[in-house]
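Engineer: This structure is in structure tokens; I'll ask about it shortly.
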Amino acid sequence: MNPATRALLKQIHHPGLHAFVNAWDELEVLMVDVYKANGVDSDQQAEFADIRQRLAASYPAWQAALDPHWRATTIKGQPLAADPFQALIDLENAEAIVGNWAAMQTLPAAREALNNILVERIEDSSE
């Protein structure tokens, strides 16, 4: 897990948010592995399907809260045109990651949005 995300998550006691962030981390690791290998095997296909299913089920609970955070991020200085979380959840299979630089570029923006919502939750709980 991203070290900053891990440190922030330790300060939050919300199982649903933990589950979503952990699943997102799994997706991120898988995407990087597949992209670097420039190919996908059957285990990665199955792992992607499992992660995608969990994210598709849990994302609606976080979509509205994450919306202002991803909208505040940029890719190469440009605002995002679409929800990076939904864009990656909507990938049909792990093969869609192979050679997909646009998908890879959404990962830092999504990570920034995740970290920002965690900071927001920590600040809200301290009031």
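Within each chain, counting starts at residue 1; across the structure tokens, chains are named A, B, ... in the order shown, with ligands numbered 1 upward in that order.
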So that I can see what lies close to Ala19 in chain A, please list as a list in words the residues with an atom at most 10 Å from it, counting only C-alpha atoms and leaving out residues fewer than 4 positions away in the same chain.
Structural biologist: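 My reading of the contact set: His14, Pro15, Ala23, Trp24, Asp25, Arg54, Leu55 and Ser58 of chain A.
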Engineer: Can you list every residue of range 66-85 of chain A that has an atom at most 12 Å from range 95-102 of chain A, with its nearest atom pair and the distance in Å to one decimal, using only C-alpha atoms, ordered by chain then number, as JSON lines?
Structural biologist:
{"residue": "A:Ile75", "atom": "CA", "partner": "A:Ala102", "partner_atom": "CA", "distance": 9.8}
{"residue": "A:Lys76", "atom": "CA", "partner": "A:Ala102", "partner_atom": "CA", "distance": 11.5}
{"residue": "A:Leu80", "atom": "CA", "partner": "A:Ala102", "partner_atom": "CA", "distance": 11.4}
{"residue": "A:Ala81", "atom": "CA", "partner": "A:Ala102", "partner_atom": "CA", "distance": 11.9}
{"residue": "A:Ala82", "atom": "CA", "partner": "A:Ala102", "partner_atom": "CA", "distance": 11.9}
{"residue": "A:Pro84", "atom": "CA", "partner": "A:Ala102", "partner_atom": "CA", "distance": 10.3}
Engineer: Restrict the selected residues to all heavy atoms and save them as a PDB file, in the first residue's frame.
Structural biologist:
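Output saved as out_35.pdb:
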ATOM      1  N   ILE A  75      -4.116  15.680 -14.593  1.00  0.00           N
ATOM      2  CA  ILE A  75      -3.161  14.819 -15.283  1.00  0.00           C
ATOM      3  C   ILE A  75      -2.421  15.726 -16.257  1.00  0.00           C
ATOM      4  O   ILE A  75      -3.051  16.349 -17.120  1.00  0.00           O
ATOM      5  CB  ILE A  75      -3.853  13.662 -16.036  1.00  0.00           C
ATOM      6  CG1 ILE A  75      -4.563  12.723 -15.066  1.00  0.00           C
ATOM      7  CG2 ILE A  75      -2.836  12.896 -16.874  1.00  0.00           C
ATOM      8  CD1 ILE A  75      -5.382  11.622 -15.734  1.00  0.00           C
ATOM      9  N   LYS A  76      -1.119  15.832 -16.066  1.00  0.00           N
ATOM     10  CA  LYS A  76      -0.293  16.735 -16.875  1.00  0.00           C
ATOM     11  C   LYS A  76      -0.848  18.157 -16.854  1.00  0.00           C
ATOM     12  O   LYS A  76      -0.904  18.842 -17.871  1.00  0.00           O
ATOM     13  CB  LYS A  76      -0.185  16.229 -18.307  1.00  0.00           C
ATOM     14  CG  LYS A  76       0.625  14.962 -18.444  1.00  0.00           C
ATOM     15  CD  LYS A  76       0.808  14.622 -19.906  1.00  0.00           C
ATOM     16  CE  LYS A  76       1.719  13.423 -20.047  1.00  0.00           C
ATOM     17  NZ  LYS A  76       1.990  13.105 -21.436  1.00  0.00           N
ATOM     18  N   LEU A  80      -9.286  16.461 -14.949  1.00  0.00           N
ATOM     19  CA  LEU A  80      -9.781  15.186 -15.459  1.00  0.00           C
ATOM     20  C   LEU A  80     -11.125  15.385 -16.155  1.00  0.00           C
ATOM     21  O   LEU A  80     -11.973  16.134 -15.670  1.00  0.00           O
ATOM     22  CB  LEU A  80      -9.942  14.175 -14.323  1.00  0.00           C
ATOM     23  CG  LEU A  80      -8.679  13.407 -13.944  1.00  0.00           C
ATOM     24  CD1 LEU A  80      -7.635  14.306 -13.340  1.00  0.00           C
ATOM     25  CD2 LEU A  80      -9.012  12.294 -13.005  1.00  0.00           C
ATOM     26  N   ALA A  81     -11.304  14.687 -17.257  1.00  0.00           N
ATOM     27  CA  ALA A  81     -12.550  14.787 -18.014  1.00  0.00           C
ATOM     28  C   ALA A  81     -13.603  13.820 -17.487  1.00  0.00           C
ATOM     29  O   ALA A  81     -14.793  14.007 -17.719  1.00  0.00           O
ATOM     30  CB  ALA A  81     -12.287  14.512 -19.492  1.00  0.00           C
ATOM     31  N   ALA A  82     -13.145  12.782 -16.779  1.00  0.00           N
ATOM     32  CA  ALA A  82     -14.081  11.760 -16.301  1.00  0.00           C
ATOM     33  C   ALA A  82     -13.585  11.184 -14.982  1.00  0.00           C
ATOM     34  O   ALA A  82     -12.407  11.297 -14.639  1.00  0.00           O
ATOM     35  CB  ALA A  82     -14.219  10.657 -17.341  1.00  0.00           C
ATOM     36  N   PRO A  84     -11.954   8.966 -12.596  1.00  0.00           N
ATOM     37  CA  PRO A  84     -10.917   7.959 -12.799  1.00  0.00           C
ATOM     38  C   PRO A  84     -11.258   6.619 -12.156  1.00  0.00           C
ATOM     39  O   PRO A  84     -10.859   5.569 -12.660  1.00  0.00           O
ATOM     40  CB  PRO A  84      -9.679   8.581 -12.151  1.00  0.00           C
ATOM     41  CG  PRO A  84     -10.224   9.495 -11.108  1.00  0.00           C
ATOM     42  CD  PRO A  84     -11.504  10.030 -11.694  1.00  0.00           C
TER      43      PRO A  84
END
Engineer: For a test of reading the model, state the distance in Å between CA of Glu28 in chain A and CA of Asp41 in chain A, rounded to one decimal.
Structural biologist: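 One can read the CA of Glu28 in chain A to CA of Asp41 in chain A distance as 16.6 Å.
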Engineer: Select, from A:Asn115, A:Asn2, A:Gln86, A:Asn93, the residue with the minimum atom-to-atom distance to Glu47 in chain A, counting only C-alpha atoms.
Structural biologist: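 Once distances to Glu47 in chain A are computed over only C-alpha atoms, the minimum belongs to A:Asn93.
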Engineer: Please, which residues of chain A, numbered as in this document, come out helix (DSSP H, G or I) from DSSP, as JSON, numbers by chain?
Structural biologist: {"A": [3, 4, 5, 6, 7, 8, 9, 15, 16, 17, 18, 19, 20, 21, 22, 23, 24, 25, 26, 27, 28, 29, 30, 31, 32, 33, 34, 35, 36, 37, 42, 43, 44, 45, 46, 47, 48, 49, 50, 51, 52, 53, 54, 55, 56, 57, 58, 59, 60, 61, 62, 63, 64, 65, 66, 67, 68, 69, 70, 71, 84, 85, 86, 87, 88, 89, 94, 95, 96, 97, 101, 102, 103, 104, 105, 106, 107, 108, 109, 110, 111, 112, 113, 114, 115, 116, 117, 118, 119, 120, 121, 122, 123, 124, 125]}
Engineer: Output as a PyMOL selection string all residues of range 59-94 of chain A that backbone DSSP marks as strand (DSSP E or B).
Structural biologist: chain A and resi 74-75+78-79
Engineer: Write the residues of the selection above to a file with C-alpha atoms, as a JSON list (two decimals), in the first residue's frame.
Structural biologist:
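What ended up in result_26.json:
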[["chain", "number", "residue", "atom", "x", "y", "z"],
["A", 74, "THR", "CA", -5.06, 16.92, -12.77],
["A", 75, "ILE", "CA", -3.16, 14.82, -15.28],
["A", 78, "GLN", "CA", -5.19, 19.31, -17.12],
["A", 79, "PRO", "CA", -8.38, 18.67, -15.14]]
Engineer: Which residue gives the smallest distance to Asn38 in chain A among A:Glu123, A:Ala94, A:Ala61, A:Ile117, with only C-alpha atoms counted?
Structural biologist: A:Ala94
